[in-house]
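Enquirer: Dropping in entry-v7.csv, which is CSV, C-alpha atoms (C1' of nucleotides) and all ligand atoms:
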chain,number,residue,atom,x,y,z
A,1,MET,CA,16.1,0.7,8.6
A,2,THR,CA,12.4,1.6,8.1
A,3,VAL,CA,10.4,0.4,5.2
A,4,PRO,CA,10.5,3.7,3.3
A,5,GLU,CA,14.2,3.9,3.8
A,6,GLN,CA,14.7,0.4,2.5
A,7,ARG,CA,12.5,1.2,-0.6
A,8,LEU,CA,14.6,4.3,-1.2
A,9,GLN,CA,17.8,2.3,-1.1
A,10,GLU,CA,16.4,-0.3,-3.5
A,11,ALA,CA,15.2,2.4,-5.8
A,12,LEU,CA,18.6,4.1,-5.9
A,13,THR,CA,20.2,0.7,-6.7
A,14,THR,CA,17.7,0.3,-9.6
A,15,LEU,CA,18.5,3.8,-10.9
A,16,LYS,CA,22.2,3.2,-10.8
A,17,LYS,CA,21.8,-0.1,-12.6
A,18,SER,CA,19.8,1.7,-15.3
A,19,GLY,CA,22.6,4.2,-15.7
A,20,VAL,CA,20.6,7.1,-14.3
A,21,ARG,CA,22.6,9.7,-12.4
A,22,ILE,CA,21.8,10.4,-8.8
A,23,THR,CA,21.5,14.2,-8.4
A,24,PRO,CA,20.5,15.9,-5.2
A,25,GLN,CA,17.2,17.0,-6.7
A,26,ARG,CA,16.5,13.5,-8.1
A,27,HIS,CA,17.3,12.0,-4.7
A,28,ALA,CA,15.0,14.4,-2.9
A,29,VAL,CA,12.1,13.7,-5.2
A,30,LEU,CA,12.5,10.0,-4.9
A,31,GLU,CA,12.9,10.2,-1.1
A,32,TYR,CA,9.8,12.3,-0.8
A,33,LEU,CA,7.8,9.9,-2.9
A,34,MET,CA,9.0,6.8,-1.0
A,35,GLN,CA,8.1,8.2,2.4
A,36,SER,CA,4.8,9.7,1.3
A,37,MET,CA,1.7,7.7,1.9
A,38,LYS,CA,-0.6,10.2,0.1
A,39,HIS,CA,-0.1,9.8,-3.6
A,40,PRO,CA,1.2,13.4,-4.2
A,41,THR,CA,0.9,15.5,-7.3
A,42,ALA,CA,3.9,16.9,-9.1
A,43,ASP,CA,3.1,20.3,-7.6
A,44,GLU,CA,2.8,18.9,-4.1
A,45,ILE,CA,6.3,17.4,-4.4
A,46,TYR,CA,7.6,20.7,-5.9
A,47,LYS,CA,6.2,22.7,-3.0
A,48,ALA,CA,7.4,20.2,-0.4
A,49,LEU,CA,10.9,20.5,-1.6
A,50,GLU,CA,11.1,24.2,-2.2
A,51,ASP,CA,12.7,24.9,1.2
A,52,LYS,CA,15.5,22.5,0.5
A,53,PHE,CA,15.9,23.5,-3.2
A,54,PRO,CA,14.7,27.0,-3.6
A,55,ASN,CA,15.9,27.1,-7.2
A,56,MET,CA,14.5,23.8,-8.4
A,57,SER,CA,12.4,24.0,-11.5
A,58,VAL,CA,9.0,22.4,-11.6
A,59,ALA,CA,10.2,20.8,-14.9
A,60,THR,CA,12.8,18.9,-12.8
A,61,VAL,CA,10.1,17.3,-10.8
A,62,TYR,CA,8.2,16.3,-14.0
A,63,ASN,CA,11.4,15.1,-15.7
A,64,ASN,CA,12.3,12.9,-12.7
A,65,LEU,CA,8.8,11.5,-12.3
A,66,ARG,CA,9.0,10.5,-16.0
A,67,VAL,CA,12.3,8.8,-15.4
A,68,PHE,CA,10.9,6.9,-12.4
A,69,LEU,CA,7.8,5.9,-14.4
A,70,ASP,CA,9.9,4.6,-17.2
A,71,ILE,CA,12.0,2.4,-14.9
A,72,GLY,CA,8.8,1.3,-13.1
A,73,LEU,CA,9.6,2.8,-9.7
A,74,VAL,CA,6.3,4.7,-9.5
A,75,ARG,CA,2.8,4.5,-10.9
A,76,GLU,CA,0.8,7.4,-12.3
A,77,LEU,CA,-2.8,7.8,-11.3
A,78,THR,CA,-4.9,10.0,-13.5
A,79,TYR,CA,-8.3,11.4,-12.4
A,80,GLY,CA,-10.4,13.5,-14.8
A,81,ASP,CA,-9.0,16.9,-15.6
A,82,SER,CA,-7.1,17.5,-12.3
A,83,SER,CA,-3.4,16.8,-12.1
A,84,SER,CA,-1.8,13.4,-12.0
A,85,ARG,CA,-0.9,11.7,-8.8
A,86,PHE,CA,2.1,9.4,-8.2
A,87,ASP,CA,2.2,6.2,-6.2
A,88,CYS,CA,5.5,4.7,-5.1
A,89,ASN,CA,3.6,1.5,-4.2
A,90,THR,CA,4.0,-0.5,-7.4
A,91,SER,CA,2.5,-3.7,-6.1
A,92,ASP,CA,-1.0,-4.6,-7.3
A,93,HIS,CA,-3.6,-2.7,-5.3
A,94,TYR,CA,-6.8,-0.7,-5.9
A,95,HIS,CA,-7.8,2.7,-4.6
A,96,ILE,CA,-10.8,4.2,-2.9
A,97,ILE,CA,-11.3,8.0,-3.2
A,98,CYS,CA,-13.2,10.4,-1.1
A,99,ASP,CA,-15.6,12.6,-3.2
A,100,GLU,CA,-15.5,15.3,-0.5
A,101,CYS,CA,-11.8,15.8,0.4
A,102,GLY,CA,-10.1,13.9,-2.4
A,103,LYS,CA,-8.2,11.5,-0.1
A,104,ILE,CA,-6.9,8.4,-1.8
A,105,VAL,CA,-6.6,5.2,0.2
A,106,ASP,CA,-5.0,1.9,-0.8
A,107,PHE,CA,-7.3,-1.0,-0.8
A,108,HIS,CA,-6.5,-4.6,-1.5
A,109,TYR,CA,-8.8,-7.0,-3.4
A,110,PRO,CA,-8.1,-10.0,-5.6
A,111,SER,CA,-7.5,-9.0,-9.2
A,112,LEU,CA,-10.7,-9.0,-11.3
A,113,ASN,CA,-9.5,-11.8,-13.7
A,114,GLU,CA,-13.0,-13.0,-14.5
A,115,VAL,CA,-14.0,-9.5,-15.8
A,116,GLU,CA,-10.9,-9.4,-18.0
A,117,GLN,CA,-11.7,-12.9,-19.4
A,118,LEU,CA,-15.3,-12.1,-20.1
A,119,ALA,CA,-14.4,-8.8,-21.7
A,120,GLU,CA,-12.0,-10.6,-24.0
A,121,GLN,CA,-14.6,-13.2,-25.0
A,122,VAL,CA,-17.4,-10.7,-25.6
A,123,THR,CA,-15.4,-8.0,-27.4
A,124,GLY,CA,-12.6,-9.9,-29.2
A,125,PHE,CA,-10.0,-7.6,-27.6
A,126,ASP,CA,-6.6,-9.0,-26.5
A,127,VAL,CA,-6.9,-7.8,-22.9
A,128,THR,CA,-3.8,-6.6,-21.1
A,129,ASN,CA,-5.0,-4.9,-17.9
A,130,HIS,CA,-7.8,-3.1,-16.2
A,131,ARG,CA,-8.4,-0.2,-13.9
A,132,MET,CA,-10.9,0.1,-11.1
A,133,GLU,CA,-11.5,2.6,-8.3
A,134,VAL,CA,-14.2,2.9,-5.7
A,135,TYR,CA,-15.7,6.3,-4.7
A,136,GLY,CA,-17.5,7.5,-1.6
A,137,THR,CA,-17.1,9.5,1.6
A,138,CYS,CA,-14.2,8.9,4.0
A,139,GLU,CA,-14.8,8.5,7.7
A,140,ASP,CA,-13.4,11.9,8.5
A,141,CYS,CA,-15.8,13.6,6.1
A,142,GLN,CA,-18.7,11.4,7.4
A,143,GLN,CA,-17.9,12.8,10.9
A,144,LEU,CA,-17.8,16.4,9.6
A,145,ALA,CA,-21.1,16.0,7.9
A,146,LYS,CA,-22.8,15.0,11.2
A,147,HIS,CA,-21.9,18.3,12.9
B,1,MET,CA,-38.5,6.1,-35.7
B,2,THR,CA,-35.0,4.8,-35.1
B,3,VAL,CA,-33.6,4.3,-31.6
B,4,PRO,CA,-31.3,7.4,-31.8
B,5,GLU,CA,-34.2,9.5,-33.1
B,6,GLN,CA,-36.3,8.3,-30.2
B,7,ARG,CA,-33.6,9.1,-27.7
B,8,LEU,CA,-33.3,12.5,-29.2
B,9,GLN,CA,-37.0,13.2,-28.8
B,10,GLU,CA,-37.0,12.0,-25.2
B,11,ALA,CA,-33.9,14.2,-24.5
B,12,LEU,CA,-35.6,17.2,-26.0
B,13,THR,CA,-38.6,16.6,-23.8
B,14,THR,CA,-36.4,16.4,-20.7
B,15,LEU,CA,-34.7,19.7,-21.7
B,16,LYS,CA,-38.0,21.5,-22.1
B,17,LYS,CA,-39.2,20.1,-18.8
B,18,SER,CA,-36.0,21.5,-17.2
B,19,GLY,CA,-36.7,24.9,-18.7
B,20,VAL,CA,-33.7,24.8,-21.0
B,21,ARG,CA,-34.1,26.6,-24.4
B,22,ILE,CA,-33.8,24.6,-27.5
B,23,THR,CA,-31.4,26.5,-29.8
B,24,PRO,CA,-30.2,25.3,-33.2
B,25,GLN,CA,-26.7,24.7,-31.8
B,26,ARG,CA,-27.9,22.9,-28.7
B,27,HIS,CA,-30.2,20.7,-30.9
B,28,ALA,CA,-27.3,19.9,-33.2
B,29,VAL,CA,-24.9,18.9,-30.4
B,30,LEU,CA,-27.5,16.8,-28.8
B,31,GLU,CA,-28.4,15.1,-32.1
B,32,TYR,CA,-24.8,14.4,-32.9
B,33,LEU,CA,-24.3,12.8,-29.5
B,34,MET,CA,-27.4,10.7,-29.7
B,35,GLN,CA,-26.6,9.2,-33.1
B,36,SER,CA,-22.9,8.8,-32.3
B,37,MET,CA,-21.7,5.4,-31.1
B,38,LYS,CA,-18.1,6.5,-30.6
B,39,HIS,CA,-18.0,8.5,-27.4
B,40,PRO,CA,-16.8,11.7,-29.0
B,41,THR,CA,-14.7,14.5,-27.5
B,42,ALA,CA,-15.9,18.1,-27.3
B,43,ASP,CA,-13.5,18.9,-30.2
B,44,GLU,CA,-14.8,16.1,-32.3
B,45,ILE,CA,-18.4,17.4,-31.9
B,46,TYR,CA,-17.2,20.9,-32.7
B,47,LYS,CA,-15.5,19.8,-35.9
B,48,ALA,CA,-18.4,17.5,-36.9
B,49,LEU,CA,-20.7,20.5,-36.8
B,50,GLU,CA,-18.5,23.2,-38.3
B,51,ASP,CA,-20.0,22.8,-41.8
B,52,LYS,CA,-23.5,23.3,-40.4
B,53,PHE,CA,-22.5,26.0,-37.9
B,54,PRO,CA,-19.4,27.8,-39.2
B,55,ASN,CA,-19.6,30.4,-36.5
B,56,MET,CA,-20.2,28.2,-33.6
B,57,SER,CA,-17.8,28.7,-30.7
B,58,VAL,CA,-16.1,25.8,-29.1
B,59,ALA,CA,-17.4,27.3,-25.8
B,60,THR,CA,-20.9,26.6,-27.0
B,61,VAL,CA,-20.1,22.9,-27.3
B,62,TYR,CA,-18.6,22.8,-23.8
B,63,ASN,CA,-21.5,24.9,-22.4
B,64,ASN,CA,-24.1,22.5,-23.8
B,65,LEU,CA,-22.2,19.4,-22.7
B,66,ARG,CA,-22.3,20.8,-19.2
B,67,VAL,CA,-26.0,21.4,-19.4
B,68,PHE,CA,-26.6,17.8,-20.6
B,69,LEU,CA,-24.3,16.5,-17.9
B,70,ASP,CA,-26.2,18.4,-15.2
B,71,ILE,CA,-29.6,17.1,-16.4
B,72,GLY,CA,-28.2,13.6,-16.7
B,73,LEU,CA,-28.5,13.2,-20.4
B,74,VAL,CA,-24.9,12.2,-21.0
B,75,ARG,CA,-22.0,10.8,-19.1
B,76,GLU,CA,-18.4,12.2,-19.1
B,77,LEU,CA,-15.6,9.7,-19.5
B,78,THR,CA,-12.2,11.0,-18.4
B,79,TYR,CA,-8.9,9.3,-19.3
B,80,GLY,CA,-5.6,10.6,-18.1
B,81,ASP,CA,-4.5,13.9,-19.4
B,82,SER,CA,-6.3,13.7,-22.8
B,83,SER,CA,-9.6,15.2,-23.4
B,84,SER,CA,-12.9,14.1,-21.9
B,85,ARG,CA,-15.3,11.9,-23.9
B,86,PHE,CA,-19.0,12.0,-23.8
B,87,ASP,CA,-21.4,9.0,-23.7
B,88,CYS,CA,-25.1,9.4,-24.5
B,89,ASN,CA,-25.7,5.9,-23.2
B,90,THR,CA,-26.5,6.6,-19.5
B,91,SER,CA,-27.5,3.1,-18.7
B,92,ASP,CA,-25.0,1.1,-16.5
B,93,HIS,CA,-22.2,-0.3,-18.6
B,94,TYR,CA,-18.5,-0.6,-18.7
B,95,HIS,CA,-15.9,0.2,-21.4
B,96,ILE,CA,-13.0,-1.6,-23.0
B,97,ILE,CA,-10.4,0.6,-24.6
B,98,CYS,CA,-7.8,-0.2,-27.3
B,99,ASP,CA,-4.3,0.9,-26.3
B,100,GLU,CA,-3.3,1.2,-29.9
B,101,CYS,CA,-6.1,3.2,-31.6
B,102,GLY,CA,-8.0,4.5,-28.6
B,103,LYS,CA,-11.3,2.9,-29.7
B,104,ILE,CA,-13.9,2.7,-26.8
B,105,VAL,CA,-16.4,-0.2,-26.9
B,106,ASP,CA,-19.3,-0.7,-24.6
B,107,PHE,CA,-19.2,-3.9,-22.6
B,108,HIS,CA,-21.9,-5.2,-20.2
B,109,TYR,CA,-21.1,-7.0,-17.0
B,110,PRO,CA,-23.0,-7.3,-13.7
B,111,SER,CA,-22.1,-4.5,-11.4
B,112,LEU,CA,-19.3,-5.1,-9.0
B,113,ASN,CA,-21.3,-4.9,-5.8
B,114,GLU,CA,-19.1,-7.2,-3.8
B,115,VAL,CA,-16.1,-5.0,-4.5
B,116,GLU,CA,-18.0,-2.0,-3.2
B,117,GLN,CA,-19.2,-3.8,-0.1
B,118,LEU,CA,-15.7,-5.1,0.8
B,119,ALA,CA,-14.2,-1.7,0.2
B,120,GLU,CA,-16.8,-0.2,2.5
B,121,GLN,CA,-16.0,-2.7,5.3
B,122,VAL,CA,-12.2,-2.5,4.9
B,123,THR,CA,-11.9,1.3,4.6
B,124,GLY,CA,-14.9,2.6,6.6
B,125,PHE,CA,-15.8,4.8,3.6
B,126,ASP,CA,-19.5,5.3,2.7
B,127,VAL,CA,-19.3,4.0,-0.8
B,128,THR,CA,-21.4,5.6,-3.6
B,129,ASN,CA,-20.0,4.2,-6.8
B,130,HIS,CA,-17.1,2.8,-8.7
B,131,ARG,CA,-15.3,3.0,-12.0
B,132,MET,CA,-13.8,0.2,-14.0
B,133,GLU,CA,-12.4,-0.1,-17.5
B,134,VAL,CA,-10.6,-2.9,-19.3
B,135,TYR,CA,-7.6,-2.2,-21.6
B,136,GLY,CA,-6.2,-4.2,-24.5
B,137,THR,CA,-5.8,-4.4,-28.3
B,138,CYS,CA,-8.9,-4.4,-30.5
B,139,GLU,CA,-9.5,-6.9,-33.2
B,140,ASP,CA,-8.7,-4.4,-36.0
B,141,CYS,CA,-5.3,-3.6,-34.4
B,142,GLN,CA,-4.6,-7.2,-33.8
B,143,GLN,CA,-5.0,-7.8,-37.6
B,144,LEU,CA,-2.8,-4.9,-38.4
B,145,ALA,CA,-0.1,-6.2,-36.1
B,146,LYS,CA,0.0,-9.5,-38.0
B,147,HIS,CA,0.9,-7.8,-41.4
C,1,DT,C1',-47.6,39.9,-34.4
C,2,DT,C1',-44.5,42.6,-31.7
C,3,DC,C1',-42.2,43.3,-27.3
C,4,DT,C1',-39.5,41.8,-23.7
C,5,DT,C1',-35.9,39.7,-21.2
C,6,DA,C1',-33.6,36.0,-19.3
C,7,DC,C1',-30.8,32.9,-21.2
C,8,DA,C1',-27.5,31.5,-25.1
C,9,DT,C1',-23.9,32.3,-28.2
C,10,DT,C1',-19.7,34.3,-29.7
C,11,DA,C1',-14.6,35.7,-29.9
C,12,DG,C1',-11.0,35.9,-27.5
C,13,DA,C1',-8.5,36.1,-23.2
C,14,DA,C1',-7.3,33.5,-19.3
C,15,DT,C1',-6.3,29.3,-16.6
C,16,DG,C1',-4.0,25.2,-15.0
C,17,DC,C1',-1.2,21.3,-16.0
C,18,DT,C1',2.4,19.5,-18.6
C,19,DT,C1',6.1,19.5,-22.1
C,20,DA,C1',9.6,21.8,-25.1
C,21,DT,C1',13.7,24.8,-25.7
C,22,DA,C1',18.1,26.3,-25.1
C,23,DA,C1',21.6,27.9,-22.0
C,24,DT,C1',24.1,26.5,-18.1
C,25,DC,C1',25.7,23.1,-14.9
C,26,DT,C1',27.4,18.7,-12.9
C,27,DA,C1',27.8,13.5,-11.8
C,28,DG,C1',30.5,10.1,-12.7
C,29,DT,C1',34.2,8.5,-15.5
C,30,DT,C1',38.9,8.9,-17.5
D,1,DA,C1',41.9,17.8,-12.9
D,2,DA,C1',39.5,17.3,-17.3
D,3,DC,C1',35.8,15.7,-20.0
D,4,DT,C1',31.2,14.9,-21.5
D,5,DA,C1',26.7,12.9,-21.6
D,6,DG,C1',23.2,13.8,-19.2
D,7,DA,C1',20.6,17.0,-15.7
D,8,DT,C1',18.8,21.3,-14.2
D,9,DT,C1',17.0,25.8,-14.9
D,10,DA,C1',14.1,29.7,-16.5
D,11,DT,C1',11.0,30.5,-19.7
D,12,DA,C1',8.1,29.8,-23.5
D,13,DA,C1',4.8,27.0,-25.7
D,14,DG,C1',0.9,23.6,-26.0
D,15,DC,C1',-3.5,21.9,-25.1
D,16,DA,C1',-8.1,21.3,-23.1
D,17,DT,C1',-11.2,23.8,-20.7
D,18,DT,C1',-13.3,27.9,-18.5
D,19,DC,C1',-14.2,32.8,-18.1
D,20,DT,C1',-15.6,37.4,-19.8
D,21,DA,C1',-18.2,40.8,-21.8
D,22,DA,C1',-20.6,42.0,-25.8
D,23,DT,C1',-24.2,40.6,-28.9
D,24,DG,C1',-28.0,37.7,-30.3
D,25,DT,C1',-32.3,35.1,-29.7
D,26,DA,C1',-36.0,31.6,-27.9
D,27,DA,C1',-40.1,31.6,-26.0
D,28,DG,C1',-43.6,33.6,-23.2
D,29,DA,C1',-46.4,38.0,-22.5
D,30,DA,C1',-49.0,41.7,-24.3
A,201,MN,MN,-1.7,3.4,-3.8
A,202,MN,MN,-20.5,3.8,-23.6
A,203,ZN,ZN,-12.9,12.8,2.9
A,204,ZN,ZN,-7.5,-0.6,-31.9
What's the structure tokens form of this structure?
Expert:
Amino acid sequence: MTVPEQRLQEALTTLKKSGVRITPQRHAVLEYLMQSMKHPTADEIYKALEDKFPNMSVATVYNNLRVFLDIGLVRELTYGDSSSRFDCNTSDHYHIICDECGKIVDFHYPSLNEVEQLAEQVTGFDVTNHRMEVYGTCEDCQQLAKH
Amino acid sequence: MTVPEQRLQEALTTLKKSGVRITPQRHAVLEYLMQSMKHPTADEIYKALEDKFPNMSVATVYNNLRVFLDIGLVRELTYGDSSSRFDCNTSDHYHIICDECGKIVDFHYPSLNEVEQLAEQVTGFDVTNHRMEVYGTCEDCQQLAKH
DNA sequence: TTCTTACATTAGAATGCTTATAATCTAGTT
DNA sequence: AACTAGATTATAAGCATTCTAATGTAAGAA
């Protein structure tokens, strides 16, 4: 069993344990998320599944994403005014984003605990988490720029 | 002359140099931004000025914010699906945000250059910048939670 | 000062993403 | 097979932001 298949099975088990029904649409959204490496938007999921489910409502995609978020199966990534993206990799990792083509790539780095600690001392906040992304131009877009 | 007043004068000079007309509405939006310490939204600016300019359009606020952004007089802060906030402090600094009340506080920390360098090496991206925010509960909200 | 015009403002429509509503359907249990 | 809480659907609504087209005006020129 491949890694995405395994993650899908685990996710289905988690859903059942939470008393969430497994409908064909829900299964398909989950499956697409688990096998996708590209942090899709709700609309991308909707369009990817419209052949299989021609009558599926876009609300169904949003409803299911909400369910998955609440259970902790996916993460929501928000960037400015464009649409949210969804990440089925819930382990701690950062992202690097291409300013040209919008590509989002996973990127591992030790968690910035010193920053959180200093922020706590300086501001008096009770710190819970942080967010960090790196921006630049991906290799593909660097190549394109040369020609 | 106070610091906000000085910043306003400098900003007006920059606008004139760029060939941008100084209208009463534009002046008021700029003045409000420069004296505000709270990273206002477009709508907050609009509402703050409606006594002075009862006929001002919300589009005027957005238009002027865009002009200021293009010239580099303000920064836009985007958080999830809620509305953008605008920061007249264009010097390098980070933010810490209260999860309870939404307050945004400036917070200085040396720039995370090592992160950018490592990201560049690992991903092959040509890195230009990064974004980082810390989240938690502010002191006021901590006090409220105790009672 | 008056004239001129390119730029700015205004009201309202339009857009894009997301959520709400209410009718219909169905997964999973009895 | 019957039941029902929960899911799906089509559509409307909400919200921040941008667009459009008519009107107004800042600032330089005459
Ligand atoms: Mn990721
Ligand atoms: Mn700031
Ligand atoms: Zn790219
Ligand atoms: Zn607070």
Enquirer: Fit chain A to chain B, using all C-alpha atoms paired in sequence order for the least-squares superposition, and then show me the result as a CSV table (one decimal) with C-alpha atoms, in the frame of the given file.
Expert:
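Saved as superposed.csv:
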chain,number,residue,atom,x,y,z
A,1,MET,CA,-38.4,6.1,-35.7
A,2,THR,CA,-34.9,4.7,-35.1
A,3,VAL,CA,-33.5,4.3,-31.7
A,4,PRO,CA,-31.3,7.4,-31.9
A,5,GLU,CA,-34.1,9.5,-33.1
A,6,GLN,CA,-36.3,8.3,-30.2
A,7,ARG,CA,-33.5,9.1,-27.7
A,8,LEU,CA,-33.2,12.6,-29.2
A,9,GLN,CA,-36.9,13.2,-28.9
A,10,GLU,CA,-36.9,12.0,-25.2
A,11,ALA,CA,-33.9,14.2,-24.5
A,12,LEU,CA,-35.6,17.3,-26.0
A,13,THR,CA,-38.7,16.6,-23.8
A,14,THR,CA,-36.4,16.4,-20.8
A,15,LEU,CA,-34.7,19.7,-21.7
A,16,LYS,CA,-38.0,21.5,-22.2
A,17,LYS,CA,-39.2,20.1,-18.9
A,18,SER,CA,-36.1,21.5,-17.2
A,19,GLY,CA,-36.7,24.9,-18.7
A,20,VAL,CA,-33.7,24.7,-21.0
A,21,ARG,CA,-34.1,26.5,-24.4
A,22,ILE,CA,-33.8,24.6,-27.5
A,23,THR,CA,-31.4,26.5,-29.8
A,24,PRO,CA,-30.2,25.3,-33.2
A,25,GLN,CA,-26.7,24.8,-31.9
A,26,ARG,CA,-28.0,23.0,-28.8
A,27,HIS,CA,-30.1,20.7,-30.9
A,28,ALA,CA,-27.3,19.9,-33.2
A,29,VAL,CA,-25.0,18.9,-30.4
A,30,LEU,CA,-27.5,16.8,-28.8
A,31,GLU,CA,-28.4,15.1,-32.1
A,32,TYR,CA,-24.8,14.4,-32.9
A,33,LEU,CA,-24.3,12.9,-29.5
A,34,MET,CA,-27.4,10.7,-29.7
A,35,GLN,CA,-26.5,9.2,-33.0
A,36,SER,CA,-22.9,8.8,-32.3
A,37,MET,CA,-21.7,5.4,-31.1
A,38,LYS,CA,-18.1,6.5,-30.5
A,39,HIS,CA,-18.0,8.5,-27.4
A,40,PRO,CA,-16.8,11.8,-29.0
A,41,THR,CA,-14.7,14.5,-27.5
A,42,ALA,CA,-15.9,18.1,-27.3
A,43,ASP,CA,-13.5,18.9,-30.2
A,44,GLU,CA,-14.8,16.1,-32.3
A,45,ILE,CA,-18.4,17.4,-31.9
A,46,TYR,CA,-17.2,20.9,-32.7
A,47,LYS,CA,-15.5,19.8,-35.9
A,48,ALA,CA,-18.4,17.6,-36.9
A,49,LEU,CA,-20.7,20.5,-36.8
A,50,GLU,CA,-18.6,23.2,-38.3
A,51,ASP,CA,-20.1,22.8,-41.8
A,52,LYS,CA,-23.6,23.3,-40.4
A,53,PHE,CA,-22.6,26.1,-38.0
A,54,PRO,CA,-19.5,27.8,-39.3
A,55,ASN,CA,-19.6,30.4,-36.6
A,56,MET,CA,-20.3,28.2,-33.6
A,57,SER,CA,-17.9,28.7,-30.7
A,58,VAL,CA,-16.1,25.8,-29.1
A,59,ALA,CA,-17.4,27.3,-25.8
A,60,THR,CA,-20.9,26.5,-27.0
A,61,VAL,CA,-20.2,22.9,-27.3
A,62,TYR,CA,-18.6,22.9,-23.8
A,63,ASN,CA,-21.5,24.9,-22.3
A,64,ASN,CA,-24.1,22.5,-23.8
A,65,LEU,CA,-22.3,19.4,-22.8
A,66,ARG,CA,-22.3,20.9,-19.2
A,67,VAL,CA,-26.0,21.5,-19.4
A,68,PHE,CA,-26.6,17.9,-20.6
A,69,LEU,CA,-24.4,16.5,-17.9
A,70,ASP,CA,-26.2,18.4,-15.3
A,71,ILE,CA,-29.6,17.1,-16.4
A,72,GLY,CA,-28.1,13.6,-16.7
A,73,LEU,CA,-28.5,13.2,-20.5
A,74,VAL,CA,-24.9,12.3,-21.0
A,75,ARG,CA,-22.0,10.8,-19.1
A,76,GLU,CA,-18.4,12.2,-19.1
A,77,LEU,CA,-15.5,9.8,-19.4
A,78,THR,CA,-12.2,11.0,-18.4
A,79,TYR,CA,-8.9,9.3,-19.4
A,80,GLY,CA,-5.5,10.6,-18.1
A,81,ASP,CA,-4.5,13.9,-19.5
A,82,SER,CA,-6.3,13.7,-22.9
A,83,SER,CA,-9.6,15.3,-23.4
A,84,SER,CA,-12.9,14.1,-22.0
A,85,ARG,CA,-15.2,11.9,-23.9
A,86,PHE,CA,-19.1,12.0,-23.8
A,87,ASP,CA,-21.4,9.0,-23.7
A,88,CYS,CA,-25.1,9.5,-24.5
A,89,ASN,CA,-25.7,5.9,-23.2
A,90,THR,CA,-26.5,6.6,-19.5
A,91,SER,CA,-27.5,3.1,-18.6
A,92,ASP,CA,-25.0,1.1,-16.5
A,93,HIS,CA,-22.3,-0.3,-18.7
A,94,TYR,CA,-18.5,-0.6,-18.6
A,95,HIS,CA,-15.9,0.2,-21.3
A,96,ILE,CA,-13.0,-1.6,-22.9
A,97,ILE,CA,-10.4,0.6,-24.6
A,98,CYS,CA,-7.9,-0.2,-27.2
A,99,ASP,CA,-4.3,0.9,-26.2
A,100,GLU,CA,-3.3,1.1,-29.9
A,101,CYS,CA,-6.1,3.2,-31.6
A,102,GLY,CA,-8.0,4.5,-28.6
A,103,LYS,CA,-11.3,2.9,-29.6
A,104,ILE,CA,-13.8,2.7,-26.8
A,105,VAL,CA,-16.4,-0.1,-26.8
A,106,ASP,CA,-19.4,-0.7,-24.6
A,107,PHE,CA,-19.3,-3.8,-22.6
A,108,HIS,CA,-21.9,-5.2,-20.3
A,109,TYR,CA,-21.1,-7.0,-17.0
A,110,PRO,CA,-23.0,-7.3,-13.7
A,111,SER,CA,-22.2,-4.4,-11.4
A,112,LEU,CA,-19.2,-5.2,-9.0
A,113,ASN,CA,-21.4,-4.9,-5.8
A,114,GLU,CA,-19.2,-7.3,-3.8
A,115,VAL,CA,-16.1,-5.1,-4.4
A,116,GLU,CA,-18.0,-2.0,-3.2
A,117,GLN,CA,-19.2,-3.9,-0.1
A,118,LEU,CA,-15.7,-5.1,0.8
A,119,ALA,CA,-14.2,-1.8,0.2
A,120,GLU,CA,-16.7,-0.2,2.6
A,121,GLN,CA,-16.0,-2.8,5.3
A,122,VAL,CA,-12.2,-2.6,5.0
A,123,THR,CA,-11.8,1.2,4.7
A,124,GLY,CA,-14.8,2.6,6.6
A,125,PHE,CA,-15.8,4.7,3.6
A,126,ASP,CA,-19.5,5.3,2.8
A,127,VAL,CA,-19.2,3.9,-0.8
A,128,THR,CA,-21.3,5.5,-3.5
A,129,ASN,CA,-20.0,4.2,-6.8
A,130,HIS,CA,-17.1,2.7,-8.6
A,131,ARG,CA,-15.4,2.9,-12.0
A,132,MET,CA,-13.8,0.2,-14.0
A,133,GLU,CA,-12.4,-0.1,-17.5
A,134,VAL,CA,-10.6,-2.9,-19.3
A,135,TYR,CA,-7.6,-2.3,-21.6
A,136,GLY,CA,-6.1,-4.2,-24.5
A,137,THR,CA,-5.9,-4.5,-28.3
A,138,CYS,CA,-9.0,-4.4,-30.5
A,139,GLU,CA,-9.5,-6.9,-33.2
A,140,ASP,CA,-8.7,-4.4,-35.9
A,141,CYS,CA,-5.4,-3.5,-34.4
A,142,GLN,CA,-4.6,-7.3,-33.8
A,143,GLN,CA,-5.1,-7.8,-37.5
A,144,LEU,CA,-2.8,-4.9,-38.4
A,145,ALA,CA,-0.1,-6.2,-36.1
A,146,LYS,CA,0.0,-9.5,-38.0
A,147,HIS,CA,0.9,-7.9,-41.3
Enquirer: Quick one, how far is CA of Arg7 in chain B from CA of Ala119 in chain A?
Expert: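 Separation of CA of Arg7 in chain B and CA of Ala119 in chain A: 26.9 Å.
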Enquirer: If you count all atoms listed in the file, which residues end up within 10 Å of ligand MN 202 (chain A), as an MDAnalysis selection string?
Expert: chainID B and resid 37:39 74:77 85:96 104:108
Enquirer: Hey, could you make a per-residue contact list for chain A against ligand ZN 203 (chain A) with 8 Å as the cut-off, showing the nearest pair of atoms and its distance in Å to one decimal, counting all atoms listed in the file, sorted by chain and number, as a Markdown table?
Expert:
| residue | atom | partner | partner_atom | distance |
| --- | --- | --- | --- | --- |
| A:Ile97 | CA | A:ZN203 | ZN | 7.9 |
| A:Cys98 | CA | A:ZN203 | ZN | 4.7 |
| A:Asp99 | CA | A:ZN203 | ZN | 6.7 |
| A:Glu100 | CA | A:ZN203 | ZN | 5.0 |
| A:Cys101 | CA | A:ZN203 | ZN | 4.1 |
| A:Gly102 | CA | A:ZN203 | ZN | 6.1 |
| A:Lys103 | CA | A:ZN203 | ZN | 5.7 |
| A:Thr137 | CA | A:ZN203 | ZN | 5.5 |
| A:Cys138 | CA | A:ZN203 | ZN | 4.3 |
| A:Glu139 | CA | A:ZN203 | ZN | 6.7 |
| A:Asp140 | CA | A:ZN203 | ZN | 5.7 |
| A:Cys141 | CA | A:ZN203 | ZN | 4.4 |
| A:Gln142 | CA | A:ZN203 | ZN | 7.5 |
